[in-house]
Each structure stands twice: as structure tokens, then as C-alpha cells.
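Have a look at the structure below, then the notes.
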Amino acid sequence: MKLRTILMAGIAGGLSATMFFATGIIAGSVPPGSDGKAGIADPARWPMVKAPKLADAATEAKITALLSRMSVEEKVGQMIQADLPSIKPSDLRDYPLGSVLAGGDSAPFNAPDRSGIGPWVDTARALRAVALEQRTGHEPIPLIFGIDAVHGNSNVVGATLFPHNIGLGAANDPDLIRRIGAATALETAASGIDWAFAPTLAVPQDDRWGRTYEGYSEDPDLVRRYAGAMVEGLQGAYSPAGSDSAVQKGRVAASAKHFLGDGGTTNGIDQGDTAVGEEYLIRIHAAGYPPALQAGAMTVMVSFSSWRGVKMHGNGTLLNGVLKDRWGFDGFVISDWNGHAQVPGCKEDDCVASVMAGIDMLMAPYDWKALFKNMVAQVKAGTIPMARLDDAVRRILRVKFRLGLFDAARPLEGRGELLGSADHRALAREAAAKSLVLLKNQGNILPLKANARVLVAGSGANDIGRQSGGWSLSWQGTGNKNSDFPNAQSIYAGLKETLSAQGGEAILSVDGSAGDKVDAAIVVFGEMPYAEGQGDIPTLEYQPGDKSDLALLKNLRARGIPVVAVFLSGRPLWVNPEINASDAFVAAWLPGSEGGAIADVLIGDRTGKPRRDFKGRLSFSWPANAAQAVLNKGQAGYAPLFPLGYGLDYAGTSKAAAVLAQPLPEQSGVSPASANTDTWFARGRNPAPWKFTLRQGAVQVPVGNDGSTVAVGEALSLRPVDAGGLQGAGRALTWTGKGDAALTVTGGPVLDLDRLSLGNALLLDYRVDQAPAGPVRIAIGQGAALDLTPTLAASPVGQWRSVKLRLSCFKQAGAQLKAVETPFTLASGAPAGLSIATVRIVSDVSDAICPAAIMRP
């Protein structure tokens with residue numbers, strides 16, 4: 001019986017208005033779309049897709065028999081997924097859940113977050129053992145264990161990390177994608193994990209979005225060609241019997257995500273609203289789903305975002321009407337992390353609307369116990385019809401049978417040699433090499449000769465975590481050391497290995513200060529790692545307000561050293577000044593664990609002949625200015641710096657236009673107020689539009705960037721000091737104790753820091769010049785401040801230190817972070833001396849602290 005028919009029958013029988021809303025018939029008071037509807041799909045307008053059946057008649061009969069033996073509690077349990085930190089194996093005796101996940105920062109049981117295969121396998125076995133116990137009143141059903149294996153089995157130490165999807169898109173090679181999927185599946189299954197939350201089939205249309213790098217391309221045709229290939233790689237080639245789709249064969253369930261329109265939100269805001277018409281939604285954002293389903297995708301994950309004002313987690317016309325009915329998908333639909341709680345009228349522990357809209361499994365990382373109890377009560381009360389419950393559980397069991405989870409054999413589980421194997425590392429190196437896009441090669445400086453003496457500089461040169469990006473051992477990809485990646489190679493290490501083998505030399509000098517007697521410099525720089533909404537940016541300008549990497553490039557060129565720029569990024573960015581300051585410029589994206597791939601392409605033989613050519617071509621249009629965030633081929637006024645498909649090569653066969661005959665314009669096209677929202681003081685200046693102000697009561701004294709000494713009354717003075725080897729790069733503050741006074745940052749746009757509070761911190765580079773004689777307060781916005789005094793008291797006088805304060809701590813202390821006009825305040829009423837060199841927001845919270853709250857005077 002079609003689910004739509006079930007729902008209509010339920011409505012006729014008197015379902016609540018909440019359930020009526022969940023079907024998509026009532027959308028609520030939301031802005032209409034281009035055709036006057038608000039988030040309501042017309043399935044008849046969507047192309048017909050015949051998704052293959054995931055179970056044969058014999059398996060369906062087994063499922064029917066199993067359903068007949070299951071209690072309501074056991075059925076409800078199948079529909080709930082908990083995160084590892086919130087569950088222990090014994091919980092499964094009282095709460096028979098169907099699934100667990102390991103979130104991006106979740107650790108295996110009794111082990112640190114950064115753990116190898118052993119603890120992960122032990123965790124899977126511990127959970128599985130309780131779920132399959134033979135005990136009275138319990139039907140043994142295996143769990144399905146899921147993880148964000150989005151560019152390899154990226155949460156497990158020792159696993160191969162492939163380039164992120166944006167780089168794979170530049171490779172334009174579906175067969176490569178299929179092989180990467182198979183390798184990822186093997187390393188995931190070997191770790192005891194059954195399910196990869198991949199592939200991401202977003203078609204990013206606004207490059208400010210923090211998940212742009214999870215998309216293969218702005219071009220729906222390329223996403224369409226990749227979707228089925230990745231599903232086939234993860235799950236094996238589809239067959240009716242599913243003989244190649246089991247974990248026993250080194251396969252895992254795929255999850256096509258995020259359904260639907262996550263890459264099209266207004267202004268690129270993560271989890272925002274995709275306010276496009278239905279035809280556009282079908283043509284652009286749905287492109288990858290039909291081939292993914294036809295390849296046999298077992299699960300589909302729902303998007304946090306909305307479509308024309310209606311949250312996807314409550315959109316029954318798309319989940320039921322299109323995905324399940326029109327397209328015939330008979331796997332199961334999984335919510336995203338507490339995504340159901342964003343549906344109007346729902347909470348993390350209570351959301352009938354999402355269940356009735358078509359979500360079969362609710363990802364409830366923390367509140368799963370309360371959700372379980374509420375759902376059991378709702379089924380027994382008839383609020384959730386038994387037909388809907390059985391439909392969801394049947395779909396989940398169908399996947400578990402197809403995946404071989406009812407078979408106790410696990411011949412590959414625990415085989416550590418499969419992680420980071422030679423074959424997989426070679427595949428990752430091939431993929432990284434194919435993803436590189438050459439944007440500039442002035443004077444044919446590349447390839448460099450293999451016997452050259454090369455300076456390797458830049459903050460990303462010897463940092464495997466940096467080149468791997470987000471979703472690498474941690475959610476944000478931060479807090480990593482090279483030693484956390486035992487089966488990996490940094491870009492510098494790869495260059496050193498290649499050059500040394502041919503009589504050349506690689507000299508590592510991150511700041512570029514090494515001797516001038518080199519043939520060339522390779523400078524590796526770019527974005528710091530980030531994930532999801534933490535990576536949303538206001539404009540595409542690179543390093544607004546603090547052009548430290550540009551300064552490094554210019555310094556090397558001024559010394560007469562030819563410069564090759566290797567740019568690490570999760571999206572195209574406006575880097576015209578950096579391109580101008582380089583002789584060659586390579587878009588390396590986020591190449592993953594095989595940094596040696598860069599050497600394979602950039603370093604030729606001893607005569608300078610290429611050993612490997614550039615094959616990468618842009619899968620995203622490159623902006624001509626920082627305002628071109630929405631820049632997609634086919635749109636009106638399309639005028640990129642480098643168009644979709646651009647890329648130079650050594651052979652001279654590329655069709656790239658000669659756009660670099662003259663220096664590129666260096667006007668960003670955006671105002672400083674819109675460009676810089678997270679750096680308030682660096683390298684001796686406040687980047688526009690921000691400014692320092694000294695305050696005492698109602699008296700305000702502005703502080704300029706000219707390095708002058710200023711004071712507010714007799715309470716507080718400020719003067720320039722040297723920091724980090726740079727003249728005048730810091731500011732020394734002296735409180736006399738003659739009244740309470742503060743240093744503040746003002747002058748910029750009103751900031752919404754509430755969205756960043758989960759995974760970001762305030763970084764302060766400081767030096768104690770005089771131990772504080774009383775409390776020193778640090779604050780963001782209005783409300784309570786945090787007490788910095790213990791941190792300062794523990795710091796040696798005269799030594800530069802860094803401290804990171806979690807934004808969430810300010811929020812917990814009572815600070816109002818939604819509309820922040822004063823993003824930084826440092827205040828005291830007691831004698832103290834403190835110099836500062838950096839004040840900015842950072843995404844690495846691995847060593848951040850949470851000082852106690854202290855009320856303002």
C-alpha cells in the first residue's frame with residue numbers, strides 16, 4: 001500500500017493537524033515560492049524514476065515474519081539512532097535501538113577521539129553483542145553503525161583520506177570516484193562500521209556556503225555522472241539478490257544526501273532556505289538523486305535546509321510524494337543531526353510531524369531516551385499509526401538484510417592492514433594529482449627541475465590536517481598533528497622525497513626566512529579547516545583585513561625568488577593579489593592525506609620535462625571579484641575570472657583563455673565592512689571597519705592604526721609594542737587601578753555569533769607585562785563576562801602566550817550573541833599590564849578553555 005494512501009486514510013480517520021501538516025498539505029504561514037506555493041511539491045512534475053528493489057520476495061517474507069514477532073518498543077527502537085557518547089551497550093537492553101552513529105567529534109568506547117581501528121571494532125562488537133543477545137521478550141536484530149566517511153573513513157586514525165569532493169569534481173573522472181568509493185567502503189567495513197553518510201549530492205550555487213567543498217560541482221551534469229558511481233563504489237554493483245552489497249564483501253550502505261536543495265540556500269547560509277521554484281529545484285538540486293537511487297542507494301539523508309519556507313524534515317510532498325512514491329525508493333530515510341527538532345511544533349525528543357512526513361529513522365544524538373518513550377506512547381495512542389510504524393521498520397530491516405547484518409560472519413572486520421594500504425594510498429595520490437588545477441604558469445616556470453633547490457614555505461606546507469580540511473579525525477578538522485596521520489604524507493614531505501631522490505633539495509621554512517640561494521619557492525597556504533555552518537563566510541575575499549600570505553609571496557618575489565603558489569581551499573576564492581604575486585598558481589583544493597601528489601605534478605625530471613601533467617579542470621567558476629558568490633555557468637551576467645572547465649596544462653592542449661596577459665585587478669568589489677567579520681586585531685592593526693576604543697564610563701577615546709600612544713583619563717593607556725618579530729605588531733595596555741576602564745572593538749557590522757558558538761573560539765595572543773592585582777574581564781557583546789584573571793596569573797611575565805575561549809562559554813555565561821555590536825571587551829579596575837597581538841575568531845577549539853563567569857561592575 002502506498003504511504004500516501006496510508007496517510008490519506010489516516011487523515012480521513014481523524015489525524016491531528018500536526019500530522020496533516022507533515023504530509024505537506026498545510027504549509028503554514030511562509031513566503032510563497034515563484035508559483036505561489038510554499039514548499040509543496042507536485043510529484044507529477046518530477047521525472048519518473050524506477051528505483052530498483054532492495055529485497056526479493058523471500059526477504060520480504062522474512063521481514064513480515066520478523067515484524068509479527070516484534071513488540072511496539074522494538075519497532076520504535078529501530079527508528080531511533082543515538083550518538084556514541086550518549087549510549088553504552090547495556091542501554092540496549094532497555095532501549096532496543098536500531099542504530100548508532102559516531103559524530104564528527106565522537107570517540108569509540110573507552111578510547112580517545114583519535115583512535116585507530118582496534119577501539120572502533122571493539123565498540124561495534126560491544127554494541128552488536130547486546131543487540132543480538134538471546135533473552136526472553138527480545139527479538140535479536142543487529143544495529144546499523146553509521147559514520148561520516150565523507151572523504152575516506154575519516155574518523156579513524158590510519159585510514160586513507162581522499163581529496164574532498166570539490167577536488168574530485170575537478171578530476172572529472174567517474175571511474176576514479178567508483179574506485180574511491182570501494183576503497184572507502186573496505187576501510188569502513190574493516191573498522192566495524194556498516195554505513196557511510198555519503199555521497200553528498202549537493203549542487204552548491206553560492207560559494208560562501210561552508211559546505212561548498214562537499215559538493216562535486218556547481219554543474220548538475222557532473223554531479224549526476226558522479227552520483228551513481230560513488231554509490232556503486234560504496235555498495236557494489238546493484239543486483240536483485242544483493243550478493244555484492246554485504247559488509248562481508250567489504251561494502252557499506254551509502255546515504256545520498258542531503259535531500260533536497262542544501263546547496264541553494266539564500267546567501268549560502270547553512271541550514272537556510274532554498275527559495276527557488278520547483279522546476280529549478282528539479283533541474284539543479286535533484287540532479288544526483290535519480291542516478292544514486294538507480295544504483296541502489298540504500299538510504300537517503302534529509303537536509304537541514306528549507307524549501308520555500310518549509311523545513312525539509314517536515315516536507316511530506318517531497319519525502320513521501322516524490323522520493324518514495326514517484327521514484328519508488330524502498331530503502332529508508334534518515335534525518336540529520338536533530339534536524340527533526342527544527343520542524344515547527346517539534347522538539348528533539350518529540351516530532352510526530354517528521355515521522356509522518358516520511359522520515360524512517362530519527363538521528364537523536366542526545367535525547368534518544370525521551371524520544372523513544374514519547375514515540376512508544378504515540379504509537380500506543382494511535383497518534384503514529386501502526387501502518388506508518390511498520391512501513392518505517394520494514395524499510396530499515398530491508399537494508400539490514402541486504403547489507404548482510406543478520407549474518408554473524410565478519411571476515412574483514414579488524415583487519416588493520418586494510419587501512420591506509422599501499423593500494424589505497426596510491427589511489428588517493430592519483431586522485432589528488434588529478435584534482436590539481438593550474439591557473440597560472442608565467443614563463444613556464446612549472447614544472448621545476450628534479451635537481452632544483454626549492455624553498456618550501458607557507459603555513460600549510462607541512463600540515464597534513466590543513467591539507468585534509470574539515471571532517472578529518474574531528475568534525476571541524478582542527479586540533480590535529482601530523483602524528484595523528486600515520487599513513488599520510490605532508491606536501492613538504494612529498495616534495496622532499498621527490499627532490500632528494502633526484503639530487504635536488506627541499507628546504508622547509510614556513511615563514512620564508514631561509515637563505516636566498518634557491519631556484520624557486522613553493523608556498524603552500526589557504527583556508528584553515530572548517531565544516532558545515534562554521535565555514536560560512538560573508539564574501540569570497542581571502543584573508544580580508546590580514547593579508548599575511550600575500551605579504552609572504554611579495555617578500556619572496558622581492559628577493560628575486562620565483563614563486564609557485566599552492567592554494568588550499570574548500571571553494572574558489574578571490575585571490576587576485578595572490579595570483580599577481582606568484583609566477584605560478586595552483587588550486588589544490590583539499591587534497592587529503594597524500595601530499596606527495598603535489599610533487600608528482602609540480603616536479604619534473606632533471607631536464608625539466610613533466611613527469612605528470614595537470615589534468616584538473618575547474619568544477620566551480622572562479623570569481624573575478626569577492627562579491628561574485630553566486631557565479632554559475634548559464635546564469636545571467638556570468639563573468640568569471642576563470643570559467644567552469646578552465647585549467648592549464650603542460651602539453652598545451654587545454655582550451656583555457658589567456659586571461660593573465662596583464663596583472664589582475666586588485667579591487668575586491670566588496671566593502672571592508674562586509675568582508676571581515678572574524679579578525680579584529682592582527683599584525684599591528686585593526687582591519688577595516690573595526691577599531692579599538694578605550695572607554696571609562698561615558699568617555700571614549702578612539703585608537704588609530706598609526707601606532708600612537710593614547711589613554712583614557714588616568715585609568716588605562718595603550719602604546720605599540722613589537723610582537724612575533726614584527727615592529728609595532730602588538731599593543732601594550734596598562735591599567736593603573738584609578739578607575740575601571742576597558743579596551744573594546746567596535747565600528748563593524750552587527751554580528752550574529754550565536755550560529756558560531758558551537759564550534760568556534762575567541763583567540764587572544766597576549767603577554768603579561770605586570771601581574772594583575774585584581775579581576776581582568778573579557779566579554780563578547782552584552783551580558784556577563786568571563787574571568788581571565790586565573791589564566792593571566794598562571795602566565796610567566798614577559799612571555800607571549802595564546803589562549804582560546806570557547807564562544808559557547810560566553811553564551812552560557814549569559815552573553816547575548818545574536819546581535820553583537822561590540823565583539824571584544826577587555827576590562828579591569830585593578831593595576832595590570834597586558835600586551836595583545838591577535839584578537840580573532842578561530843574554528844580550532846581542541847585546546848580552548850572555559851573560564852568562570854564574572855559579572856560586569
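Here's how to read the names in the C-alpha cells: chain A, B, ... by the order shown, residue numbers from 1 in each chain, ligand numbers from 1 in the order shown.
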**Item:** Shell around Pro562 of chain A at 9 Å using only C-alpha atoms, local window under 5 positions removed, as an MDAnalysis selection string
**Value:** chainID A and resid 445 519:522 556:557 582:584
**DSSP-assigned alpha helix (DSSP H) among segment 292-412 of chain A, expressed as a ChimeraX atom specification** = /A:292-294,316,352-357,368-380,386-402
**Å distance separating atom CA of Ala190 of chain A from atom CA of Phe485 of chain A, one decimal place** =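 If I compute the distance from atom CA of Ala190 of chain A to atom CA of Phe485 of chain A, I get 17.8 Å.
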**Request:** Would you mind reading off the distance between atom CA of Asp740 of chain A and atom CA of Val703 of chain A, one decimal, in Å?
**Result:**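 Going from atom CA of Asp740 of chain A over to atom CA of Val703 of chain A, I get 18.1 Å.
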**Request:** May I have the residues within 9 Å of Asn632 of chain A as a PyMOL selection string, using only C-alpha atoms and disregarding those fewer than 4 positions away in the same chain?
**Result:** chain A and resi 205-206+218-219+620-621+638+640+643-644
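Shell of Asp56 of chain A at 7 Å, with only C-alpha atoms counted and residues fewer than 2 places along the chain excluded, is A:Ala58, A:Thr59, A:Glu60, A:Pro240, A:Ala241.
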Next, the residues of the selection above should be written as a short mmCIF file (atom, residue, chain, number, x, y, z; two decimals), in the first residue's frame with C-alpha atoms.
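Result saved to out-v8.cif:
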```
data_model
loop_
_atom_site.label_atom_id
_atom_site.label_comp_id
_atom_site.auth_asym_id
_atom_site.auth_seq_id
_atom_site.Cartn_x
_atom_site.Cartn_y
_atom_site.Cartn_z
CA ALA A 58 11.86 -14.28 0.13
CA THR A 59 13.48 -11.47 2.11
CA GLU A 60 10.21 -9.57 2.30
CA PRO A 240 18.48 -8.13 -7.30
CA ALA A 241 19.92 -10.58 -4.79
#
```
**Message:** Counting only C-alpha atoms, which residue out of A:Met301, A:Val586, A:Val352, A:Val322 sits closest to Val437 of chain A?
**Reply:** A:Val586
**Item:** Atom pair atom CA of Glu73 of chain A / atom CA of Glu139 of chain A: separation (Å)
**Value:**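 Atom CA of Glu139 of chain A lies at a distance of 10.8 Å from atom CA of Glu73 of chain A.
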**Request:** May I ask which of the residues A:Thr64, A:Ser569, A:Ser828, A:Gln628 is the closest one to Val670 of chain A, counting only C-alpha atoms?
**Result:** A:Gln628
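Each of A:Ala651, A:Ile841, A:Leu67, A:Ala183 was checked against Arg612 of chain A using only C-alpha atoms; the smallest atom-to-atom distance is that of A:Ala651.
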**Prompt:** Could you pull out the strand (DSSP E) residues of segment 328-508 of chain A from DSSP and send them as a count of residues only?
**Reply:** 19
**Distance query Ala597 of chain A at most 8 Å, only C-alpha atoms, self and fewer than 4 positions along chain excluded, as a PyMOL selection string** = chain A and resi 429-430+432-433+491+494+601
Any chance you can output those residues with all heavy atoms as a PDB file, in the first residue's frame?
```
ATOM      1  N   ARG A 429      46.699   9.218  -3.985  1.00  0.00           N
ATOM      2  CA  ARG A 429      47.714  10.052  -4.633  1.00  0.00           C
ATOM      3  C   ARG A 429      47.313  10.339  -6.071  1.00  0.00           C
ATOM      4  O   ARG A 429      47.464  11.475  -6.560  1.00  0.00           O
ATOM      5  CB  ARG A 429      49.064   9.346  -4.575  1.00  0.00           C
ATOM      6  CG  ARG A 429      50.248  10.201  -4.989  1.00  0.00           C
ATOM      7  CD  ARG A 429      51.537   9.624  -4.448  1.00  0.00           C
ATOM      8  NE  ARG A 429      52.706  10.385  -4.857  1.00  0.00           N
ATOM      9  CZ  ARG A 429      53.867  10.373  -4.206  1.00  0.00           C
ATOM     10  NH1 ARG A 429      53.998   9.647  -3.108  1.00  0.00           N
ATOM     11  NH2 ARG A 429      54.895  11.092  -4.644  1.00  0.00           N
ATOM     12  N   GLU A 430      46.788   9.341  -6.754  1.00  0.00           N
ATOM     13  CA  GLU A 430      46.286   9.546  -8.117  1.00  0.00           C
ATOM     14  C   GLU A 430      45.172  10.583  -8.127  1.00  0.00           C
ATOM     15  O   GLU A 430      45.149  11.484  -8.978  1.00  0.00           O
ATOM     16  CB  GLU A 430      45.773   8.218  -8.679  1.00  0.00           C
ATOM     17  CG  GLU A 430      45.109   8.344 -10.037  1.00  0.00           C
ATOM     18  CD  GLU A 430      44.361   7.084 -10.453  1.00  0.00           C
ATOM     19  OE1 GLU A 430      44.521   6.027  -9.785  1.00  0.00           O
ATOM     20  OE2 GLU A 430      43.608   7.146 -11.449  1.00  0.00           O
ATOM     21  N   ALA A 432      44.475  12.946  -5.899  1.00  0.00           N
ATOM     22  CA  ALA A 432      44.957  14.288  -5.570  1.00  0.00           C
ATOM     23  C   ALA A 432      45.675  14.920  -6.756  1.00  0.00           C
ATOM     24  O   ALA A 432      45.510  16.113  -7.039  1.00  0.00           O
ATOM     25  CB  ALA A 432      45.863  14.237  -4.345  1.00  0.00           C
ATOM     26  N   ALA A 433      46.478  14.139  -7.464  1.00  0.00           N
ATOM     27  CA  ALA A 433      47.190  14.663  -8.632  1.00  0.00           C
ATOM     28  C   ALA A 433      46.214  15.092  -9.720  1.00  0.00           C
ATOM     29  O   ALA A 433      46.378  16.140 -10.351  1.00  0.00           O
ATOM     30  CB  ALA A 433      48.157  13.611  -9.162  1.00  0.00           C
ATOM     31  N   ILE A 491      52.622  17.837   2.270  1.00  0.00           N
ATOM     32  CA  ILE A 491      53.070  18.338   0.967  1.00  0.00           C
ATOM     33  C   ILE A 491      54.581  18.546   0.979  1.00  0.00           C
ATOM     34  O   ILE A 491      55.281  18.172   0.030  1.00  0.00           O
ATOM     35  CB  ILE A 491      52.315  19.635   0.613  1.00  0.00           C
ATOM     36  CG1 ILE A 491      50.828  19.315   0.376  1.00  0.00           C
ATOM     37  CG2 ILE A 491      52.924  20.299  -0.616  1.00  0.00           C
ATOM     38  CD1 ILE A 491      49.950  20.533   0.185  1.00  0.00           C
ATOM     39  N   GLY A 494      56.377  15.201   0.771  1.00  0.00           N
ATOM     40  CA  GLY A 494      56.343  14.670  -0.584  1.00  0.00           C
ATOM     41  C   GLY A 494      57.333  15.364  -1.503  1.00  0.00           C
ATOM     42  O   GLY A 494      57.995  14.726  -2.331  1.00  0.00           O
ATOM     43  N   VAL A 601      53.210  16.328  -9.798  1.00  0.00           N
ATOM     44  CA  VAL A 601      52.817  17.195 -10.900  1.00  0.00           C
ATOM     45  C   VAL A 601      53.728  18.420 -11.016  1.00  0.00           C
ATOM     46  O   VAL A 601      54.059  18.845 -12.129  1.00  0.00           O
ATOM     47  CB  VAL A 601      51.346  17.633 -10.743  1.00  0.00           C
ATOM     48  CG1 VAL A 601      50.904  18.468 -11.949  1.00  0.00           C
ATOM     49  CG2 VAL A 601      50.437  16.417 -10.588  1.00  0.00           C
TER      50      VAL A 601
END
```
**Request:** Please provide as a list of chain:residue names all residues within 12 Å of Asn110 of chain A, with the sequence filter that same-chain residues fewer than 3 positions apart are discarded (counting only C-alpha atoms).
**Result:**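 Here the qualifying residues turn out to be A:Leu84, A:Pro85, A:Lys88, A:Ser106, A:Ala107, A:Asp113, A:Arg114, A:Ser115, A:Gly118, A:Pro119, A:Trp120, A:Asp122, A:Thr123, A:Ala126.
Excluding Val302 of chain A itself and any same-chain residue fewer than 2 positions from it, the protein and nucleic acid residues within 6 Å of it, counting only C-alpha atoms, are A:His258, A:Phe259, A:Ser335.
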Would you export the selected residues with N, CA, C and O atoms as a PDB file, in the first residue's frame, please?
```
ATOM      1  N   HIS A 258      22.187  15.900   0.762  1.00  0.00           N
ATOM      2  CA  HIS A 258      21.119  15.988   1.749  1.00  0.00           C
ATOM      3  C   HIS A 258      19.868  16.380   0.983  1.00  0.00           C
ATOM      4  O   HIS A 258      19.855  17.406   0.307  1.00  0.00           O
ATOM      5  N   PHE A 259      18.872  15.558   1.066  1.00  0.00           N
ATOM      6  CA  PHE A 259      17.652  15.708   0.290  1.00  0.00           C
ATOM      7  C   PHE A 259      16.766  16.777   0.950  1.00  0.00           C
ATOM      8  O   PHE A 259      16.312  16.599   2.052  1.00  0.00           O
ATOM      9  N   SER A 335      17.063  11.152   9.225  1.00  0.00           N
ATOM     10  CA  SER A 335      17.171  12.591   9.469  1.00  0.00           C
ATOM     11  C   SER A 335      18.631  12.961   9.671  1.00  0.00           C
ATOM     12  O   SER A 335      19.490  12.095   9.857  1.00  0.00           O
TER      13      SER A 335
END
```
Each residue of segment 511-581 of chain A with at least one atom at most 12 Å from segment 756-779 of chain A should appear once, together with its nearest atom pair and the corresponding distance in Å (one decimal); atoms considered: only C-alpha atoms; ordering: chain, then increasing residue number; output as CSV.
```
residue,atom,partner,partner_atom,distance
A:Pro529,CA,A:Asn760,CA,11.7
A:Tyr530,CA,A:Gly759,CA,9.2
A:Ala531,CA,A:Gly759,CA,9.2
A:Glu532,CA,A:Gly759,CA,10.0
A:Gly533,CA,A:Leu756,CA,7.6
A:Gln534,CA,A:Leu756,CA,5.9
A:Gly535,CA,A:Leu756,CA,9.2
A:Asp536,CA,A:Leu756,CA,9.5
A:Ile537,CA,A:Leu756,CA,11.3
```
**Message:** Between A:Arg806, A:Lys496, A:Lys440, A:Arg93, which residue has the minimum interatomic distance to Leu648 of chain A, considering only C-alpha atoms?
**Reply:**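 Using only C-alpha atoms, Leu648 of chain A sits closest to A:Lys440.
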